[in-house]
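Participant: Input my_file-v6.tsv, format and content: TSV, C-alpha atoms.
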```tsv
chain	number	residue	atom	x	y	z
M	1	LYS	CA	28.80	30.15	-4.80
M	2	MET	CA	26.88	32.02	-2.11
M	3	GLU	CA	23.50	30.53	-1.29
M	4	VAL	CA	20.67	33.06	-0.99
M	5	LYS	CA	18.22	32.53	1.88
M	6	GLU	CA	15.51	34.89	3.12
M	7	GLY	CA	16.61	36.74	6.27
M	8	VAL	CA	20.15	35.39	6.01
M	9	ILE	CA	23.14	37.21	4.54
M	10	SER	CA	25.26	35.08	2.20
M	11	CYS	CA	28.99	35.72	2.35
M	12	TYR	CA	32.54	34.52	1.77
M	13	GLN	CA	34.36	34.12	5.05
M	14	ALA	CA	37.83	33.26	6.30
M	15	GLU	CA	37.92	30.62	9.02
M	16	GLY	CA	41.64	30.65	9.76
M	17	ALA	CA	44.89	32.34	8.81
M	18	ASP	CA	45.96	29.49	6.55
M	19	LYS	CA	42.55	28.74	5.03
M	20	GLU	CA	40.93	30.02	1.85
M	21	VAL	CA	37.78	32.09	2.11
M	22	LYS	CA	34.72	30.01	1.32
M	23	ALA	CA	31.00	30.48	0.78
M	24	SER	CA	28.94	30.67	3.93
M	25	SER	CA	26.14	32.72	5.51
M	26	TYR	CA	25.22	34.43	8.75
M	27	LEU	CA	22.17	35.79	10.54
M	28	PRO	CA	22.51	39.58	10.88
M	29	ASN	CA	21.72	41.53	14.02
M	30	PRO	CA	18.28	43.18	14.14
M	31	LEU	CA	18.14	46.45	12.22
M	32	GLY	CA	18.63	49.34	14.65
M	33	VAL	CA	16.69	52.59	14.44
M	34	GLN	CA	19.75	54.38	12.97
M	35	ASP	CA	20.85	51.47	10.80
M	36	VAL	CA	20.49	50.68	7.12
M	37	GLU	CA	20.67	47.41	5.22
M	38	ILE	CA	22.53	47.61	1.92
M	39	GLN	CA	22.14	45.11	-0.90
M	40	ILE	CA	25.74	44.84	-2.11
M	41	THR	CA	26.44	45.03	-5.84
M	42	HIS	CA	30.21	45.68	-5.80
M	43	CYS	CA	33.10	45.40	-3.35
M	44	GLY	CA	36.66	46.48	-4.06
M	45	LEU	CA	39.52	44.26	-2.94
M	46	CYS	CA	42.06	45.99	-0.69
M	47	HIS	CA	45.36	44.68	0.64
M	48	THR	CA	43.92	45.21	4.12
M	49	ASP	CA	41.38	42.48	3.35
M	50	LEU	CA	44.25	40.06	2.79
M	51	HIS	CA	45.86	41.15	6.08
M	52	ILE	CA	42.56	40.55	7.90
M	53	ALA	CA	41.94	37.15	6.28
M	54	GLN	CA	45.48	36.01	7.18
M	55	ASN	CA	45.44	37.59	10.67
M	56	ASP	CA	48.64	39.48	9.83
M	57	TRP	CA	47.85	42.08	12.51
M	58	GLU	CA	46.90	39.42	15.06
M	59	ASN	CA	43.48	40.95	15.71
M	60	THR	CA	41.18	38.96	13.41
M	61	ASP	CA	38.15	37.27	14.95
M	62	TYR	CA	37.24	34.15	12.98
M	63	PRO	CA	35.06	33.48	11.14
M	64	SER	CA	35.81	36.77	9.41
M	65	VAL	CA	34.08	38.36	6.41
M	66	PRO	CA	36.49	40.95	4.92
M	67	GLY	CA	35.59	43.67	2.44
M	68	HIS	CA	35.30	47.43	3.01
M	69	GLU	CA	35.00	49.10	-0.41
M	70	ILE	CA	31.28	48.53	-0.67
M	71	ILE	CA	28.73	49.82	-3.15
M	72	GLY	CA	25.07	48.83	-3.12
M	73	THR	CA	21.49	50.00	-2.79
M	74	ILE	CA	19.52	50.66	0.38
M	75	LYS	CA	17.13	47.77	1.07
M	76	GLN	CA	15.90	48.75	4.54
M	77	ILE	CA	16.23	51.79	6.81
M	78	GLY	CA	15.76	52.22	10.53
M	79	SER	CA	13.00	54.49	11.82
M	80	SER	CA	15.42	57.33	12.72
M	81	VAL	CA	17.20	57.44	9.34
M	82	LYS	CA	16.06	60.56	7.49
M	83	HIS	CA	18.84	61.31	4.99
M	84	LEU	CA	18.54	58.07	3.02
M	85	GLN	CA	15.72	56.25	1.29
M	86	VAL	CA	15.17	52.71	0.12
M	87	GLY	CA	16.70	52.40	-3.35
M	88	ASP	CA	19.47	54.97	-2.83
M	89	ARG	CA	22.90	53.93	-4.12
M	90	VAL	CA	25.47	54.26	-1.35
M	91	GLY	CA	29.06	53.43	-0.52
M	92	VAL	CA	30.77	52.24	2.64
M	93	GLY	CA	34.47	52.47	3.47
M	94	PHE	CA	36.59	51.20	6.35
M	95	ILE	CA	34.53	52.94	9.06
M	96	ARG	CA	31.02	51.69	9.78
M	97	GLU	CA	30.16	53.73	12.88
M	98	THR	CA	31.39	56.49	15.20
M	99	CYS	CA	29.94	57.96	18.40
M	100	LEU	CA	29.04	61.32	16.74
M	101	ASN	CA	29.32	63.06	20.13
M	102	CYS	CA	33.03	63.24	21.06
M	103	GLU	CA	35.36	66.22	20.51
M	104	TYR	CA	36.57	64.67	17.25
M	105	CYS	CA	33.16	63.86	15.78
M	106	LEU	CA	31.85	67.31	16.72
M	107	THR	CA	34.76	69.08	14.98
M	108	GLY	CA	34.78	67.22	11.68
M	109	ARG	CA	37.48	64.75	12.68
M	110	ASP	CA	35.17	61.75	12.98
M	111	ASN	CA	37.79	59.55	11.30
M	112	VAL	CA	39.76	59.52	14.58
M	113	CYS	CA	36.81	59.00	16.92
M	114	PRO	CA	38.09	56.78	19.78
M	115	ASP	CA	34.94	54.65	19.51
M	116	ARG	CA	34.96	54.19	15.73
M	117	GLN	CA	34.09	50.73	14.48
M	118	GLY	CA	35.77	49.04	11.51
M	119	THR	CA	33.49	47.77	8.77
M	120	CYS	CA	35.02	44.30	8.78
M	121	LEU	CA	36.93	44.14	12.08
M	122	GLY	CA	36.07	42.24	15.24
M	123	VAL	CA	32.55	40.84	15.21
M	124	HIS	CA	31.54	42.97	12.23
M	125	LYS	CA	30.99	41.29	8.87
M	126	GLY	CA	32.19	43.10	5.76
M	127	GLY	CA	31.48	43.38	2.07
M	128	PHE	CA	32.34	39.94	0.69
M	129	ALA	CA	28.64	39.30	1.02
M	130	SER	CA	25.18	39.77	-0.43
M	131	ALA	CA	24.27	42.51	2.05
M	132	ILE	CA	25.46	44.44	5.11
M	133	ARG	CA	23.85	46.26	8.02
M	134	LEU	CA	25.51	49.28	9.63
M	135	HIS	CA	24.95	52.78	11.02
M	136	GLY	CA	23.32	54.97	8.37
M	137	GLY	CA	25.63	57.88	9.18
M	138	TRP	CA	28.50	56.11	7.43
M	139	ALA	CA	26.55	55.11	4.31
M	140	HIS	CA	27.56	57.70	1.72
M	141	LYS	CA	25.38	58.62	-1.26
M	142	ILE	CA	27.20	57.95	-4.53
M	143	PRO	CA	26.85	60.65	-7.22
M	144	GLU	CA	24.97	59.50	-10.31
M	145	GLY	CA	27.93	60.13	-12.62
M	146	ILE	CA	30.27	57.60	-11.01
M	147	PRO	CA	29.82	53.98	-12.18
M	148	SER	CA	29.68	51.51	-9.28
M	149	GLU	CA	32.80	49.60	-10.33
M	150	PHE	CA	34.80	52.85	-10.05
M	151	ALA	CA	33.04	54.07	-6.93
M	152	ALA	CA	33.97	50.99	-4.89
M	153	PRO	CA	37.77	51.58	-4.69
M	154	LEU	CA	37.17	55.27	-3.95
M	155	MET	CA	35.71	54.25	-0.58
M	156	CYS	CA	39.14	53.14	0.66
M	157	ALA	CA	41.98	53.51	-1.86
M	158	GLY	CA	40.64	56.86	-3.02
M	159	ILE	CA	39.73	58.44	0.30
M	160	THR	CA	42.89	57.18	2.03
M	161	VAL	CA	45.19	59.19	-0.22
M	162	PHE	CA	42.73	62.09	-0.59
M	163	GLN	CA	42.61	62.41	3.20
M	164	ALA	CA	46.41	62.16	3.44
M	165	ILE	CA	46.86	65.01	0.95
M	166	LYS	CA	44.19	67.21	2.56
M	167	ALA	CA	45.49	66.64	6.09
M	168	ASN	CA	49.20	67.09	5.38
M	169	ILE	CA	49.67	69.37	2.37
M	170	PRO	CA	48.15	72.84	2.91
M	171	SER	CA	48.53	73.86	-0.74
M	172	PRO	CA	49.58	71.23	-3.32
M	173	VAL	CA	49.76	73.77	-6.16
M	174	GLY	CA	53.27	73.81	-7.61
M	175	MET	CA	54.59	71.34	-5.05
M	176	LYS	CA	56.62	68.31	-6.11
M	177	ILE	CA	54.92	65.41	-4.35
M	178	GLY	CA	56.46	61.96	-4.46
M	179	VAL	CA	54.36	58.81	-4.35
M	180	ALA	CA	56.04	55.60	-3.14
M	181	GLY	CA	54.12	52.40	-3.74
M	182	ILE	CA	52.37	52.17	-7.09
M	183	GLY	CA	49.22	50.11	-6.63
M	184	GLY	CA	45.58	50.96	-6.02
M	185	LEU	CA	46.39	53.81	-3.61
M	186	GLY	CA	49.45	55.10	-5.43
M	187	ILE	CA	47.68	55.48	-8.76
M	188	MET	CA	44.83	57.42	-7.14
M	189	ALA	CA	47.38	59.63	-5.33
M	190	ILE	CA	49.01	60.53	-8.66
M	191	LYS	CA	45.63	61.44	-10.15
M	192	PHE	CA	44.58	63.57	-7.16
M	193	ILE	CA	47.95	65.38	-7.01
M	194	LYS	CA	47.64	66.34	-10.67
M	195	LEU	CA	44.03	67.48	-10.15
M	196	MET	CA	45.09	69.67	-7.20
M	197	GLY	CA	47.85	71.37	-9.17
M	198	GLY	CA	50.87	69.49	-7.83
M	199	GLU	CA	53.63	67.65	-9.69
M	200	ALA	CA	53.46	63.93	-8.95
M	201	VAL	CA	56.75	62.01	-8.93
M	202	ALA	CA	56.37	58.22	-8.87
M	203	PHE	CA	58.87	56.10	-6.91
M	204	SER	CA	58.79	52.36	-7.55
M	205	THR	CA	60.98	49.28	-7.74
M	206	SER	CA	59.01	48.06	-10.78
M	207	GLU	CA	60.11	49.58	-14.08
M	208	SER	CA	57.06	47.94	-15.69
M	209	LYS	CA	54.82	50.48	-13.92
M	210	LYS	CA	56.53	53.51	-15.46
M	211	GLN	CA	54.19	54.03	-18.41
M	212	LEU	CA	51.08	53.59	-16.28
M	213	CYS	CA	52.34	56.26	-13.86
M	214	LEU	CA	53.06	58.69	-16.68
M	215	ASP	CA	49.69	57.99	-18.30
M	216	CYS	CA	47.94	58.71	-14.98
M	217	GLY	CA	49.62	62.09	-14.59
M	218	ALA	CA	53.05	61.61	-13.03
M	219	THR	CA	55.63	64.10	-14.34
M	220	LYS	CA	58.54	61.81	-13.51
M	221	PHE	CA	59.24	58.16	-12.65
M	222	VAL	CA	62.13	57.05	-10.43
M	223	ASN	CA	63.19	53.41	-10.44
M	224	CYS	CA	64.38	52.88	-6.87
M	225	GLU	CA	66.51	49.91	-7.99
M	226	ASN	CA	68.49	52.14	-10.35
M	227	ALA	CA	71.41	53.74	-8.48
M	228	GLU	CA	71.76	56.62	-10.97
M	229	GLU	CA	68.07	57.52	-10.80
M	230	VAL	CA	68.12	57.30	-6.99
M	231	ALA	CA	71.14	59.61	-6.78
M	232	ALA	CA	69.55	62.10	-9.16
M	233	ALA	CA	66.35	62.14	-7.10
M	234	LYS	CA	68.08	63.26	-3.89
M	235	SER	CA	66.35	66.29	-2.31
M	236	SER	CA	63.86	66.43	-5.18
M	237	VAL	CA	60.37	66.45	-3.58
M	238	HIS	CA	58.62	68.66	-1.03
M	239	TYR	CA	56.44	65.79	0.17
M	240	LEU	CA	56.69	62.02	-0.11
M	241	LEU	CA	53.47	60.04	0.24
M	242	SER	CA	54.09	56.38	1.11
M	243	THR	CA	51.22	54.07	0.21
M	244	SER	CA	53.28	50.90	0.47
M	245	SER	CA	52.19	47.99	2.66
M	246	ALA	CA	55.71	46.54	2.46
M	247	ALA	CA	58.72	47.70	4.48
M	248	LEU	CA	60.80	50.27	2.62
M	249	ASP	CA	64.42	51.34	2.92
M	250	TRP	CA	63.42	54.42	4.89
M	251	PRO	CA	66.82	56.21	4.92
M	252	LYS	CA	66.87	55.95	1.10
M	253	TYR	CA	63.35	57.34	0.75
M	254	PHE	CA	63.90	60.02	3.40
M	255	ASN	CA	66.81	61.20	1.25
M	256	PHE	CA	64.39	62.07	-1.56
M	257	LEU	CA	62.90	64.87	0.56
M	258	LYS	CA	63.96	68.47	0.22
M	259	ASN	CA	64.91	70.39	3.36
M	260	ASP	CA	61.76	71.09	5.41
M	261	GLY	CA	60.08	68.27	3.47
M	262	LYS	CA	57.56	65.85	4.86
M	263	LEU	CA	57.15	62.08	4.71
M	264	ILE	CA	53.45	61.14	4.84
M	265	LEU	CA	52.54	57.58	5.80
M	266	CYS	CA	49.21	56.09	4.71
M	267	GLY	CA	50.19	52.49	3.87
M	268	ILE	CA	49.69	50.12	6.80
M	269	GLN	CA	52.77	48.23	7.96
M	270	LYS	CA	53.63	46.24	11.06
M	271	GLN	CA	57.30	47.21	10.93
M	272	MET	CA	58.88	50.00	12.95
M	273	LEU	CA	59.74	53.24	11.17
M	274	ASN	CA	63.53	53.56	10.88
M	275	ILE	CA	64.60	57.05	9.87
M	276	PRO	CA	67.86	59.02	10.32
M	277	ILE	CA	67.09	61.43	13.17
M	278	LEU	CA	70.22	63.53	12.59
M	279	ASP	CA	69.17	64.21	8.99
M	280	MET	CA	65.65	64.89	10.20
M	281	LEU	CA	66.80	67.52	12.70
M	282	ASP	CA	69.56	69.06	10.58
M	283	CYS	CA	67.30	69.52	7.55
M	284	GLN	CA	64.06	70.11	9.49
M	285	LYS	CA	62.28	67.21	7.86
M	286	HIS	CA	58.94	65.99	9.14
M	287	VAL	CA	56.87	62.82	9.40
M	288	GLY	CA	53.07	62.78	9.17
M	289	SER	CA	50.40	60.15	8.78
M	290	SER	CA	46.81	59.66	7.77
M	291	GLY	CA	44.37	56.80	8.08
M	292	ASP	CA	40.69	56.72	7.19
M	293	GLY	CA	38.82	59.67	5.72
M	294	THR	CA	36.31	61.97	7.36
M	295	ARG	CA	32.72	61.98	6.18
M	296	ASN	CA	33.17	65.55	4.89
M	297	ASN	CA	36.23	64.59	2.85
M	298	ILE	CA	34.50	61.51	1.44
M	299	LYS	CA	31.68	63.74	0.21
M	300	GLU	CA	34.13	66.24	-1.29
M	301	MET	CA	36.21	63.52	-2.94
M	302	LEU	CA	33.16	61.91	-4.55
M	303	ALA	CA	31.98	65.26	-5.92
M	304	LEU	CA	35.40	65.98	-7.44
M	305	CYS	CA	35.68	62.50	-8.92
M	306	GLU	CA	32.28	62.85	-10.57
M	307	ARG	CA	33.00	66.32	-11.94
M	308	TYR	CA	36.49	65.59	-13.30
M	309	LYS	CA	36.03	61.86	-13.96
M	310	ILE	CA	38.88	60.82	-11.67
M	311	TYR	CA	38.49	57.06	-11.57
M	312	PRO	CA	40.68	54.19	-10.35
M	313	GLU	CA	42.18	51.56	-12.63
M	314	VAL	CA	40.02	48.48	-12.07
M	315	GLN	CA	39.41	44.92	-13.14
M	316	VAL	CA	35.91	43.58	-12.42
M	317	ARG	CA	35.65	39.95	-11.33
M	318	PRO	CA	32.71	37.86	-10.03
M	319	MET	CA	32.38	37.73	-6.24
M	320	SER	CA	32.62	33.94	-6.54
M	321	GLU	CA	36.31	34.34	-7.55
M	322	VAL	CA	37.28	36.13	-4.33
M	323	ALA	CA	39.64	33.36	-3.12
M	324	GLU	CA	41.56	33.41	-6.41
M	325	CYS	CA	41.70	37.21	-6.36
M	326	LEU	CA	43.14	37.25	-2.82
M	327	LYS	CA	45.93	34.94	-4.01
M	328	LEU	CA	46.61	37.27	-6.94
M	329	MET	CA	46.81	40.23	-4.57
M	330	GLY	CA	49.29	38.32	-2.41
M	331	SER	CA	51.57	37.93	-5.44
M	332	LYS	CA	52.04	41.75	-5.48
M	333	LYS	CA	51.86	41.78	-9.28
M	334	MET	CA	48.87	44.10	-9.52
M	335	ASP	CA	48.86	47.78	-10.39
M	336	TYR	CA	45.05	47.96	-10.58
M	337	ARG	CA	42.19	47.42	-8.17
M	338	ILE	CA	40.09	44.26	-8.35
M	339	VAL	CA	36.39	44.94	-7.89
M	340	LEU	CA	34.17	41.99	-7.01
M	341	LYS	CA	30.66	42.02	-8.42
M	342	ASN	CA	27.59	40.15	-7.17
```
Translate this structure into structure tokens?
Facilitator:
Amino acid sequence: KMEVKEGVISCYQAEGADKEVKASSYLPNPLGVQDVEIQITHCGLCHTDLHIAQNDWENTDYPSVPGHEIIGTIKQIGSSVKHLQVGDRVGVGFIRETCLNCEYCLTGRDNVCPDRQGTCLGVHKGGFASAIRLHGGWAHKIPEGIPSEFAAPLMCAGITVFQAIKANIPSPVGMKIGVAGIGGLGIMAIKFIKLMGGEAVAFSTSESKKQLCLDCGATKFVNCENAEEVAAAKSSVHYLLSTSSAALDWPKYFNFLKNDGKLILCGIQKQMLNIPILDMLDCQKHVGSSGDGTRNNIKEMLALCERYKIYPEVQVRPMSEVAECLKLMGSKKMDYRIVLKN
């Protein structure tokens, strides 16, 4: 278990690609005038955390403290922080800081700021910890009506698909929108598509996920291992949102799009995208992408989730079980989000 010491942040850190995360601690940087310190209560577990711990993207600096679906209460604020107070409940996603002055930050596109800093990338320590310090501009107030265990996955899984829909689909109403990859992101995508008036069609290789998809609002389920279902789904959706972190048979999935349809990528993969260019040109199909969410969209998403009670499917586990939970995530047998609790 994490040992609590005054002035020191307790954590679970990865010390190598082939090593389990283990309890440790670190001395945080001094609190800046625009910074806040958050006492962490919950942290969702994202597949990106596993990638970071294992150095799958070859950019991990060890020792690394993953975790970027953070919920907690403000413990300290810097002298220039005016929008937050000690005791406020806040959330933190994958971005911990942006410059706030570039053309992107000044036009509401702060999620693509060239100087943005990842919450748990490089020298920055993430949410598998007792506390975190970061720029107060990226600490988001959590509405009272959203329980913390549900709020945590919204900070990454939720906003990732919400941003993808907002950025790529001008009007979801009446549109048939496919979702490929039924996990933490895919389930939230289905729920948001239904809320926005679209028809969600779930595409998966796991027949066992069919009922969950239908219960969450999908109007149809396509088993991508079933040749008859695949053939019947040809040219069936206006948009196809891929949340998968695994390589897909892209020509097969591209075939699900209607003419003038759009493939939207928001699941991180190292592999190259292999699509049939002739089909793309002949049928005027498109490819789009989306990464992290803007601060404005995070605020909007949280308000909608509170009002309509749009929550992720979660399983709460103690923070001390993080190593076991990472192994479970690696097995790819989950269709819910694990939320670690301090």
Participant: May I have the residues within 9 Å of Lys270 in chain M as a tab-separated table (two decimals) with C-alpha atoms, keeping the file's coordinate frame, using only C-alpha atoms and disregarding those fewer than 3 positions away in the same chain?
Facilitator:
```tsv
chain	number	residue	atom	x	y	z
M	56	ASP	CA	48.64	39.48	9.83
M	57	TRP	CA	47.85	42.08	12.51
M	245	SER	CA	52.19	47.99	2.66
M	246	ALA	CA	55.71	46.54	2.46
M	247	ALA	CA	58.72	47.70	4.48
```
Participant: Counting all atoms listed in the file, which residue out of M:Ser79, M:Thr60, M:Gln13, M:Gln163 sits closest to Glu300 in chain M?
Facilitator: M:Gln163
Participant: Anything within 7 Å of (28.0, 53.0, -0.1): list those residues as a compact mmCIF listing (two decimals) with C-alpha atoms, in the coordinates of the input, counting all atoms listed in the file and sticking to the file's coordinates.
Facilitator:
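See point03.txt below for the written result:
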```txt
# COMPACT_ATOMS: atom_id res chain seq x y z
CA ILE M 70 31.28 48.53 -0.67
CA ILE M 71 28.73 49.82 -3.15
CA GLY M 72 25.07 48.83 -3.12
CA ARG M 89 22.90 53.93 -4.12
CA VAL M 90 25.47 54.26 -1.35
CA GLY M 91 29.06 53.43 -0.52
CA VAL M 92 30.77 52.24 2.64
CA ALA M 139 26.55 55.11 4.31
CA HIS M 140 27.56 57.70 1.72
CA LYS M 141 25.38 58.62 -1.26
CA ILE M 142 27.20 57.95 -4.53
```
Participant: Find the distance between CA of Ser64 in chain M and CA of Ala14 in chain M and write it in Å to one decimal.
Facilitator: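 CA of Ala14 in chain M lies at a distance of 5.1 Å from CA of Ser64 in chain M.
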Participant: Determine the nearest neighbour of Arg96 in chain M from the options M:Gly293, M:Gly118, M:Pro312, M:Gly145, counting all atoms listed in the file.
Facilitator: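 Comparing M:Gly293, M:Gly118, M:Pro312, M:Gly145 against Arg96 in chain M, the winner is M:Gly118.
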Participant: Expressed in Å to a single decimal, how great is the separation between CA of Arg337 in chain M and CA of Ser148 in chain M?
Facilitator: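 One can read the CA of Arg337 in chain M to CA of Ser148 in chain M distance as 13.2 Å.
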Participant: Could you put an axis-aligned box around every listed atom of range 120-134 of chain M, padded by 8 Å on each side, and send me its centre and edge lengths in Å to one decimal, as AutoDock Vina command-line options?
Facilitator:
```
--center_x 30.4 --center_y 44.3 --center_z 7.4 --size_x 29.1 --size_y 26.0 --size_z 31.7
```
Participant: Could you tell me which of M:Glu58, M:Glu37, M:Asp88, M:Asp110 comes closest to Gly136 in chain M if we count only C-alpha atoms?
Facilitator: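 Smallest separation from Gly136 in chain M among the options: M:Glu37.
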Participant: Mind giving me the straight-line distance from CA of Glu229 in chain M to CA of Lys191 in chain M in Å, one decimal?
Facilitator: 22.8 Å
Participant: Could you name the residues that touch Leu185 in chain M at 12 Å or less, counting all atoms listed in the file, but leaving out those on the same chain fewer than 6 positions away, as number ranges by chain?
Facilitator: M: 45-48, 153-164, 179, 191-192, 241-245, 265-268, 311-314, 334-337
Participant: Select all residues near (32.1, 63.7, -6.5) (cut-off 10 Å, inclusive, file coordinates), counting only C-alpha atoms, and output them as a PDB file with C-alpha atoms, in the coordinates of the input.
Facilitator:
```pdb
ATOM      1  CA  LYS M 141      25.380  58.620  -1.260  1.00  0.00           C
ATOM      2  CA  ILE M 142      27.200  57.950  -4.530  1.00  0.00           C
ATOM      3  CA  PRO M 143      26.850  60.650  -7.220  1.00  0.00           C
ATOM      4  CA  GLU M 144      24.970  59.500 -10.310  1.00  0.00           C
ATOM      5  CA  GLY M 145      27.930  60.130 -12.620  1.00  0.00           C
ATOM      6  CA  ILE M 146      30.270  57.600 -11.010  1.00  0.00           C
ATOM      7  CA  ALA M 151      33.040  54.070  -6.930  1.00  0.00           C
ATOM      8  CA  ILE M 298      34.500  61.510   1.440  1.00  0.00           C
ATOM      9  CA  LYS M 299      31.680  63.740   0.210  1.00  0.00           C
ATOM     10  CA  GLU M 300      34.130  66.240  -1.290  1.00  0.00           C
ATOM     11  CA  MET M 301      36.210  63.520  -2.940  1.00  0.00           C
ATOM     12  CA  LEU M 302      33.160  61.910  -4.550  1.00  0.00           C
ATOM     13  CA  ALA M 303      31.980  65.260  -5.920  1.00  0.00           C
ATOM     14  CA  LEU M 304      35.400  65.980  -7.440  1.00  0.00           C
ATOM     15  CA  CYS M 305      35.680  62.500  -8.920  1.00  0.00           C
ATOM     16  CA  GLU M 306      32.280  62.850 -10.570  1.00  0.00           C
ATOM     17  CA  ARG M 307      33.000  66.320 -11.940  1.00  0.00           C
ATOM     18  CA  TYR M 308      36.490  65.590 -13.300  1.00  0.00           C
ATOM     19  CA  LYS M 309      36.030  61.860 -13.960  1.00  0.00           C
ATOM     20  CA  ILE M 310      38.880  60.820 -11.670  1.00  0.00           C
TER      21      ILE M 310
END
```
Participant: Using all atoms listed in the file, which residues sit within 8 Å of Thr98 in chain M once same-chain residues fewer than 2 positions away are excluded, as a list in words?
Facilitator: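 With the cut-off at 8 Å, the set is Ile95, Arg96, Leu100, Cys105, Asp110, Cys113, Asp115, Arg116 and Gln117 of chain M.
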Participant: Closest to Gly93 in chain M among M:Glu207, M:Glu324, M:Asp292, M:Glu20, using only C-alpha atoms?
Facilitator: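 That would be M:Asp292, the residue with the smallest distance to Gly93 in chain M.
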Participant: Counting only C-alpha atoms, figure out which residue out of M:Asn55, M:Ser130, M:Gln34, M:Thr41 gets nearest to Lys82 in chain M.
Facilitator: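 Closest candidate: M:Gln34.
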Participant: Extract, using all atoms listed in the file, all DNA, RNA and protein residues at most 7 Å from range 219-221 of chain M, discarding same-chain residues fewer than 4 positions from it, and format them as a PDB file with C-alpha atoms, keeping the file's coordinate frame.
Facilitator:
```
ATOM      1  CA  GLU M 199      53.630  67.650  -9.690  1.00  0.00           C
ATOM      2  CA  ALA M 200      53.460  63.930  -8.950  1.00  0.00           C
ATOM      3  CA  VAL M 201      56.750  62.010  -8.930  1.00  0.00           C
ATOM      4  CA  ALA M 202      56.370  58.220  -8.870  1.00  0.00           C
ATOM      5  CA  PHE M 203      58.870  56.100  -6.910  1.00  0.00           C
ATOM      6  CA  LYS M 210      56.530  53.510 -15.460  1.00  0.00           C
ATOM      7  CA  LEU M 214      53.060  58.690 -16.680  1.00  0.00           C
TER       8      LEU M 214
END
```
Participant: List as a PyMOL selection string the protein and nucleic acid residues near Gly108 in chain M, meaning an atom at most 8 Å away when all atoms listed in the file are counted, but skip any in the same chain fewer than 4 places from it.
Facilitator: chain M and resi 104+294-296
